[in-house]
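Enquirer: The structure file target.txt (compact mmCIF, C-alpha atoms) is provided below.
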# COMPACT_ATOMS: atom_id res chain seq x y z
CA MET A 214 3.10 20.58 -8.88
CA SER A 215 -0.20 22.33 -9.32
CA GLY A 216 -3.68 21.88 -8.06
CA GLU A 217 -6.94 23.56 -7.42
CA THR A 218 -9.18 24.00 -4.44
CA LYS A 219 -12.92 23.82 -4.79
CA GLN A 220 -15.25 24.80 -2.03
CA GLY A 221 -18.75 23.57 -1.46
CA GLU A 222 -18.75 21.06 -4.28
CA GLY A 223 -19.12 17.38 -4.43
CA GLN A 224 -20.68 14.99 -2.03
CA ALA A 225 -19.07 11.63 -1.97
CA GLY A 226 -15.92 12.93 -3.62
CA ALA A 227 -13.59 10.45 -5.13
CA GLY A 228 -14.44 8.06 -2.37
CA GLY A 229 -11.18 6.21 -2.58
CA LYS A 230 -11.77 4.98 -6.13
CA ALA A 231 -8.27 4.39 -7.28
CA VAL A 232 -7.64 3.66 -10.92
CA GLU A 233 -6.02 0.25 -10.82
CA GLN A 234 -2.98 1.17 -12.81
CA ARG A 235 0.40 0.13 -11.64
CA GLN A 236 3.67 1.76 -12.17
CA PRO A 237 6.62 -0.55 -12.58
CA LEU A 238 10.01 1.02 -12.26
CA GLN A 239 12.87 -0.94 -13.67
CA SER A 240 15.89 -1.51 -11.54
CA GLY A 241 18.67 -4.03 -11.59
CA GLY A 242 17.32 -7.56 -11.57
CA GLY A 243 13.61 -6.80 -11.56
CA THR A 244 10.91 -4.20 -11.33
CA THR A 245 9.31 -2.43 -8.41
CA THR A 246 5.56 -1.94 -8.60
CA ILE A 247 3.52 0.13 -6.20
CA ALA A 248 -0.21 -0.53 -6.14
CA ASP A 249 -2.59 2.41 -6.43
CA ALA A 250 -4.02 1.52 -3.04
CA VAL A 251 -0.63 2.30 -1.55
CA VAL A 252 -0.54 5.76 -3.11
CA SER A 253 -4.11 6.40 -1.93
CA LYS A 254 -3.26 5.38 1.59
CA VAL A 255 -0.19 7.60 1.74
CA ALA A 256 -2.22 10.53 0.42
CA GLY A 257 -4.99 9.99 2.95
CA LEU A 258 -2.65 9.69 5.89
CA ALA A 259 -0.63 12.72 4.79
CA ALA A 260 -3.74 14.86 4.46
CA ARG A 261 -4.96 13.85 7.90
CA GLU A 262 -1.64 14.90 9.41
CA VAL A 263 -2.35 18.54 8.63
CA PRO A 264 -3.90 20.55 11.47
CA GLY A 265 -7.30 21.87 10.47
CA VAL A 266 -8.31 18.78 8.52
CA HIS A 267 -11.14 17.26 10.48
CA ASP A 268 -12.19 14.40 8.25
CA MET A 269 -12.14 13.20 4.68
CA GLY A 270 -14.79 12.21 2.19
CA GLY A 271 -18.22 13.59 1.50
CA GLY A 272 -21.02 13.37 4.01
CA ALA A 273 -22.42 10.20 2.50
CA ALA A 274 -18.98 8.67 2.13
CA ARG A 275 -18.18 9.47 5.76
CA ALA A 276 -21.41 7.96 6.99
CA VAL A 277 -21.10 4.83 4.90
CA GLY A 278 -17.35 4.64 5.46
CA GLY A 279 -17.75 4.92 9.20
CA LEU A 280 -20.21 2.07 9.19
CA THR A 281 -18.29 -0.20 6.85
CA SER A 282 -14.95 0.43 8.52
CA ARG A 283 -16.43 -0.55 11.87
CA ILE A 284 -17.36 -3.91 10.45
CA GLY A 285 -14.10 -4.23 8.59
CA LEU A 286 -15.35 -3.84 5.04
CA SER A 287 -13.58 -0.68 3.98
CA GLU A 288 -10.40 1.21 4.39
CA ALA A 289 -11.01 4.49 6.18
CA ARG A 290 -7.55 5.78 5.25
CA THR A 291 -8.48 6.04 1.58
CA GLN A 292 -11.88 7.63 2.13
CA GLY A 293 -12.09 10.87 0.20
CA VAL A 294 -9.01 10.06 -1.84
CA GLY A 295 -8.79 9.44 -5.56
CA VAL A 296 -5.54 8.89 -7.40
CA GLU A 297 -4.41 8.51 -10.94
CA VAL A 298 -1.01 6.99 -11.21
CA GLY A 299 1.25 6.84 -14.21
CA GLU A 300 4.68 5.38 -14.61
CA ARG A 301 6.44 8.17 -12.81
CA GLU A 302 3.77 10.66 -11.82
CA ALA A 303 0.64 10.76 -9.74
CA ALA A 304 -2.35 13.09 -9.53
CA VAL A 305 -4.44 13.21 -6.39
CA ASP A 306 -8.01 14.33 -5.69
CA LEU A 307 -9.01 14.90 -2.10
CA THR A 308 -12.33 15.70 -0.45
CA LEU A 309 -11.95 17.33 2.94
CA THR A 310 -13.90 18.57 5.92
CA ILE A 311 -12.12 21.50 7.54
CA ASP A 312 -12.42 22.69 11.13
CA TYR A 313 -14.55 25.83 11.31
CA GLY A 314 -12.38 28.92 11.80
CA GLU A 315 -9.36 27.63 9.94
CA SER A 316 -8.23 29.37 6.80
CA ILE A 317 -9.27 27.10 3.98
CA PRO A 318 -6.59 28.41 1.60
CA GLN A 319 -3.88 27.88 4.20
CA VAL A 320 -5.04 24.42 5.18
CA SER A 321 -5.43 23.46 1.52
CA SER A 322 -1.95 24.67 0.73
CA ALA A 323 -0.50 22.77 3.68
CA VAL A 324 -2.35 19.62 2.63
CA ARG A 325 -1.12 19.98 -0.93
CA ASP A 326 2.49 20.37 0.21
CA ASN A 327 2.36 17.51 2.71
CA VAL A 328 0.66 15.06 0.36
CA ALA A 329 3.16 15.78 -2.40
CA LYS A 330 6.08 15.49 0.01
CA ARG A 331 4.92 12.18 1.44
CA ILE A 332 4.07 10.58 -1.88
CA GLU A 333 7.34 11.65 -3.44
CA GLY A 334 9.34 10.57 -0.42
CA ILE A 335 7.69 7.19 0.07
CA THR A 336 6.83 6.04 -3.43
CA GLY A 337 9.29 8.02 -5.56
CA LEU A 338 6.44 9.24 -7.77
CA SER A 339 6.35 12.87 -8.77
CA VAL A 340 3.06 14.53 -7.84
CA THR A 341 1.73 16.68 -10.66
CA GLU A 342 -1.38 18.00 -8.94
CA VAL A 343 -3.36 17.76 -5.76
CA ASN A 344 -6.94 18.86 -6.30
CA ILE A 345 -8.85 19.60 -3.12
CA THR A 346 -12.58 19.86 -2.63
CA VAL A 347 -13.67 21.26 0.71
CA ASN A 348 -17.20 20.06 1.03
CA ASP A 349 -17.98 20.66 4.67
CA LEU A 350 -16.96 22.50 7.80
CA TYR A 351 -16.79 20.93 11.19
CA PHE A 352 -18.22 22.75 14.20
CA PRO A 353 -17.18 21.48 17.64
CA GLY A 354 -19.98 19.66 19.38
CA GLU A 355 -21.60 18.82 16.09
CA GLU A 356 -21.06 15.12 16.32
CA THR A 357 -24.06 13.04 17.18
CA GLU A 358 -23.37 11.45 20.49
CA GLU A 359 -24.65 8.00 21.06
CA GLU A 360 -27.58 7.80 23.40
CA PRO A 361 -26.62 6.63 26.87
CA PRO A 362 -27.86 3.18 27.75
CA PRO A 363 -31.11 3.11 29.71
CA PRO A 364 -30.70 2.90 33.47
CA PRO A 365 -31.01 -0.55 34.96
CA ARG A 366 -34.49 -1.43 35.97
CA VAL A 367 -33.36 -3.39 38.99
CA ALA A 368 -30.93 -2.51 41.72
CA MET B 169 12.03 -27.02 3.44
CA PRO B 170 12.53 -29.87 0.95
CA GLN B 171 15.94 -31.38 0.44
CA LEU B 172 18.00 -30.32 -2.53
CA HIS B 173 18.27 -33.08 -5.14
CA THR B 174 21.76 -32.91 -6.54
CA SER B 175 22.24 -36.34 -8.01
CA GLY B 176 20.59 -39.67 -8.70
CA PRO B 177 17.62 -40.58 -10.84
CA ARG B 178 15.45 -37.75 -9.56
CA ALA B 179 17.99 -35.09 -10.44
CA ALA B 180 16.62 -34.77 -13.97
CA ALA B 181 13.16 -34.03 -12.66
CA VAL B 182 13.94 -31.41 -10.03
CA THR B 183 12.63 -28.39 -11.93
CA PRO B 184 9.27 -28.24 -10.11
CA THR B 185 11.02 -28.74 -6.81
CA ASP B 186 13.49 -26.00 -7.55
CA ARG B 187 10.59 -23.72 -8.38
CA VAL B 188 8.91 -24.38 -5.06
CA ARG B 189 12.17 -24.18 -3.16
CA LEU B 190 12.93 -20.89 -4.81
CA ALA B 191 9.52 -19.60 -3.77
CA GLU B 192 10.14 -20.63 -0.18
CA VAL B 193 13.63 -19.18 -0.07
CA ALA B 194 12.57 -15.91 -1.70
CA LEU B 195 9.57 -15.37 0.54
CA GLU B 196 11.48 -16.25 3.69
CA ALA B 197 14.27 -13.85 2.74
CA ALA B 198 11.88 -11.05 1.84
CA LEU B 199 10.03 -11.30 5.14
CA LYS B 200 13.30 -10.85 7.02
CA VAL B 201 13.89 -7.44 5.51
CA ASP B 202 13.18 -4.64 7.95
CA GLY B 203 10.12 -2.81 6.67
CA VAL B 204 8.39 -5.83 5.17
CA VAL B 205 5.39 -6.75 7.28
CA ALA B 206 3.70 -9.68 5.59
CA PRO B 207 3.05 -11.41 2.31
CA HIS B 208 -0.01 -10.08 0.54
CA ALA B 209 -2.77 -12.66 0.31
CA PRO B 210 -3.83 -12.67 -3.31
CA ILE B 211 -7.39 -12.44 -4.55
CA GLY B 212 -8.19 -15.13 -7.07
CA GLY B 213 -5.03 -17.18 -6.79
CA GLY B 214 -2.53 -14.88 -8.50
CA GLY B 215 0.59 -14.15 -6.53
CA SER B 216 0.86 -17.51 -4.87
CA THR B 217 2.77 -20.72 -5.42
CA ARG B 218 1.45 -24.18 -4.88
CA GLY B 219 3.79 -26.98 -4.01
CA SER B 220 4.96 -29.26 -1.24
CA GLY B 221 1.32 -29.82 -0.39
CA ARG B 222 0.61 -26.23 0.52
CA ARG B 223 0.14 -22.81 -0.91
CA LEU B 224 2.62 -20.00 -0.43
CA ASP B 225 0.87 -16.65 -0.57
CA GLY B 226 2.79 -13.59 -1.65
CA VAL B 227 5.19 -15.20 -4.08
CA SER B 228 4.86 -16.56 -7.58
CA VAL B 229 7.66 -18.28 -9.43
CA VAL B 230 7.48 -18.99 -13.13
CA ALA B 231 10.03 -20.51 -15.48
CA GLY B 232 11.49 -17.64 -17.42
CA GLY B 233 13.84 -19.27 -19.87
CA HIS B 234 17.55 -20.01 -19.73
CA GLU B 235 16.76 -22.41 -16.88
CA ARG B 236 15.96 -19.51 -14.61
CA PHE B 237 12.78 -18.63 -12.78
CA ASP B 238 11.11 -15.22 -12.64
CA VAL B 239 10.11 -14.39 -9.09
CA SER B 240 7.32 -11.97 -8.15
CA LEU B 241 6.92 -11.00 -4.53
CA HIS B 242 3.66 -9.39 -3.35
CA LEU B 243 4.22 -7.64 -0.08
CA VAL B 244 2.64 -5.55 2.63
CA THR B 245 5.15 -3.12 4.04
CA ARG B 246 5.52 -0.40 6.61
CA ILE B 247 5.40 3.22 5.51
CA VAL B 248 8.99 3.71 4.47
CA PRO B 249 10.66 4.78 1.21
CA LEU B 250 9.54 1.94 -1.02
CA HIS B 251 12.10 1.79 -3.81
CA PRO B 252 15.09 1.41 -1.48
CA LEU B 253 13.10 -1.19 0.41
CA ALA B 254 12.43 -3.12 -2.81
CA ASP B 255 16.11 -3.02 -3.65
CA ARG B 256 16.96 -4.44 -0.22
CA VAL B 257 14.43 -7.22 -0.79
CA ARG B 258 16.04 -8.08 -4.12
CA GLU B 259 19.52 -8.15 -2.60
CA ARG B 260 18.40 -10.36 0.26
CA VAL B 261 16.58 -12.77 -2.03
CA SER B 262 19.61 -12.99 -4.28
CA ARG B 263 21.90 -13.76 -1.33
CA ALA B 264 19.51 -16.35 0.07
CA ALA B 265 19.18 -18.06 -3.29
CA ARG B 266 22.95 -18.28 -3.62
CA ARG B 267 23.28 -19.70 -0.13
CA SER B 268 20.64 -22.31 -0.95
CA GLY B 269 22.40 -23.38 -4.10
CA LEU B 270 19.74 -21.78 -6.28
CA GLY B 271 21.65 -18.73 -7.39
CA ASP B 272 21.95 -20.00 -10.94
CA ARG B 273 18.19 -20.60 -11.11
CA LEU B 274 17.16 -17.14 -9.95
CA GLY B 275 15.97 -14.75 -12.64
CA PRO B 276 14.56 -11.25 -12.18
CA VAL B 277 12.87 -10.52 -8.86
CA ASP B 278 9.86 -8.25 -9.23
CA VAL B 279 8.68 -6.61 -6.03
CA ARG B 280 5.07 -5.46 -5.83
CA ILE B 281 4.09 -3.30 -2.89
CA GLU B 282 0.44 -4.19 -2.60
CA ASP B 283 -0.51 -2.48 0.64
CA LEU B 284 0.79 -0.56 3.61
CA ALA B 285 0.41 -1.53 7.23
CA GLU B 286 -0.13 1.81 8.84
CA PRO B 287 -0.39 2.88 12.47
CA PRO B 288 -3.64 4.28 13.81
CA VAL B 289 -4.27 7.80 12.50
CA SER B 290 -4.44 9.23 16.00
CA ALA B 291 -0.93 8.02 16.76
CA GLY B 292 0.54 10.25 14.08
CA MET B 293 1.90 8.56 11.00
CA LEU B 294 5.15 10.27 10.42
CA GLU B 295 7.61 12.24 12.36
CA ALA B 296 7.26 15.67 10.76
CA GLY B 297 4.18 17.67 9.94
CA PRO B 298 4.03 20.44 7.36
Starting from the file, give its structure as structure tokens.

Expert:
Amino acid sequence: MSGETKQGEGQAGAGGKAVEQRQPLQSGGGTTTIADAVVSKVAGLAAREVPGVHDMGGGAARAVGGLTSRIGLSEARTQGVGVEVGEREAAVDLTLTIDYGESIPQVSSAVRDNVAKRIEGITGLSVTEVNITVNDLYFPGEETEEEPPPPPRVA
Amino acid sequence: MPQLHTSGPRAAAVTPTDRVRLAEVALEAALKVDGVVAPHAPIGGGGSTRGSGRRLDGVSVVAGGHERFDVSLHLVTRIVPLHPLADRVRERVSRAARRSGLGDRLGPVDVRIEDLAEPPVSAGMLEAGP
């Protein structure tokens, strides 16, 4: 497996755009096909397992994804994930936000290892590369807190 | 589940009924396999079977020659190793078809994992981290 880490590039990243290829594997009495959305979801969940990964997707993707997932229109688990899937291999592109202070090379390496391990273990596909774009850092206290509701006007 | 027509004047015209019965048997058997969560509701009508006055989502059954039917199951599963799971689905469908008297009508069983039903991210997906 190989891969590359880019820093400070990209905005919306792959945004979960999975190429709708399918990969049938012949076995006795029929084939097994795993949809690209499944591979994307495994990759997204595996990346989020790694300590130091704060969020996934570019700033715009996170903002839009947060809104659409709240109203049930999108799948947050595939935000920031792009996959290309062949018959027996898969390549993954990830866009990450890393916690400030973490070593980006170490977190990237851990993400690469975990994503490959999960995809290979769950889907049986061999992962040829995991390309990572770190496009933002997260600073604690950075999130925009919702304004508190106004106090009641009557007792 | 409809009755099996084994004799009489309707016996010659049971092919559509066998197709629907096979769809029902296959889907029921697949959903009993540990790790299978639900049938996948198709978009645009593919991956479903109409018959017995209703639509069965998640299974399509098509005559495949040699008086057998090709079965495609479209499933949502838990996050488990998927190829062994698909093999268990095939075995279970095959057993159920034999028990229902449809073993000689069952052709290849294609299993399509369409989506995963995952736990909330905060709960931790899998047992071991990196």

Enquirer: Around segment 229-232 of chain B, with edges along x, y and z and 8 Å added on all six sides, what centre and edge lengths do you get, in Å to one decimal, as JSON?

Expert:
{"center_x": 9.5, "center_y": -19.1, "center_z": -13.4, "size_x": 20.0, "size_y": 18.9, "size_z": 24.0}

Enquirer: For chain B, list the residues within 6 Å of chain A, counting only C-alpha atoms, and write the list as a PDB file with C-alpha atoms, in the frame of the given file.

Expert:
ATOM      1  CA  VAL B 248       8.990   3.710   4.470  1.00  0.00           C
ATOM      2  CA  PRO B 249      10.660   4.780   1.210  1.00  0.00           C
ATOM      3  CA  LEU B 250       9.540   1.940  -1.020  1.00  0.00           C
ATOM      4  CA  PRO B 276      14.560 -11.250 -12.180  1.00  0.00           C
ATOM      5  CA  VAL B 277      12.870 -10.520  -8.860  1.00  0.00           C
ATOM      6  CA  ASP B 278       9.860  -8.250  -9.230  1.00  0.00           C
ATOM      7  CA  VAL B 279       8.680  -6.610  -6.030  1.00  0.00           C
ATOM      8  CA  ARG B 280       5.070  -5.460  -5.830  1.00  0.00           C
ATOM      9  CA  ILE B 281       4.090  -3.300  -2.890  1.00  0.00           C
ATOM     10  CA  GLU B 282       0.440  -4.190  -2.600  1.00  0.00           C
ATOM     11  CA  ASP B 283      -0.510  -2.480   0.640  1.00  0.00           C
ATOM     12  CA  PRO B 298       4.030  20.440   7.360  1.00  0.00           C
TER      13      PRO B 298
END

Enquirer: Between atom CA of Gly271 of chain A and atom CA of Leu350 of chain A, measure the distance and give it in Å to one decimal.

Expert: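 Separating atom CA of Gly271 of chain A from atom CA of Leu350 of chain A is a distance of 11.0 Å.
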
Enquirer: Identify the residues around (20.4, -13.2, -1.2) within a radius of 12 Å, measuring from all atoms listed in the file in the coordinates stated by the file, and give them as a PyMOL selection string.

Expert: chain B and resi 190+193-198+200-201+255-272+274+277

Enquirer: Quick one, how far is atom CA of Glu300 of chain A from atom CA of His251 of chain B?

Expert: 13.6 Å

Enquirer: Could you jot down the atom CA of Val204 of chain B to atom CA of Gly293 of chain A separation for me, Å, one decimal place?

Expert: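 Result for atom CA of Val204 of chain B versus atom CA of Gly293 of chain A: 26.9 Å, one decimal.
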
Enquirer: Taking all atoms listed in the file into account, which of B:Arg187, B:Gly215, B:Thr245, B:Gly221 comes nearest Glu286 of chain B?

Expert: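 The answer is B:Thr245, which sits nearest to Glu286 of chain B.
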
Enquirer: Which of these residues is nearest to Val340 of chain A, using all atoms listed in the file: A:Pro363, A:Pro318, A:Pro353, A:Gly299?

Expert: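 Distance minimum relative to Val340 of chain A lands on A:Gly299.
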
Enquirer: Residues at most 8 Å from Ser228 of chain B, counting all atoms listed in the file, excluding those fewer than 4 positions away in the same chain, as a list of chain:residue names?

Expert: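 With the cut-off at 8 Å, the set is B:Ala191, B:Gly214, B:Gly215, B:Ser216, B:Thr217, B:Val239, B:Ser240, B:Leu241.
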
Enquirer: With C-alpha atoms retained, could you export that selection as a tab-separated table (two decimals), in the coordinates of the input?

Expert:
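Just written: result-v4.tsv:
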chain	number	residue	atom	x	y	z
B	191	ALA	CA	9.52	-19.60	-3.77
B	214	GLY	CA	-2.53	-14.88	-8.50
B	215	GLY	CA	0.59	-14.15	-6.53
B	216	SER	CA	0.86	-17.51	-4.87
B	217	THR	CA	2.77	-20.72	-5.42
B	239	VAL	CA	10.11	-14.39	-9.09
B	240	SER	CA	7.32	-11.97	-8.15
B	241	LEU	CA	6.92	-11.00	-4.53
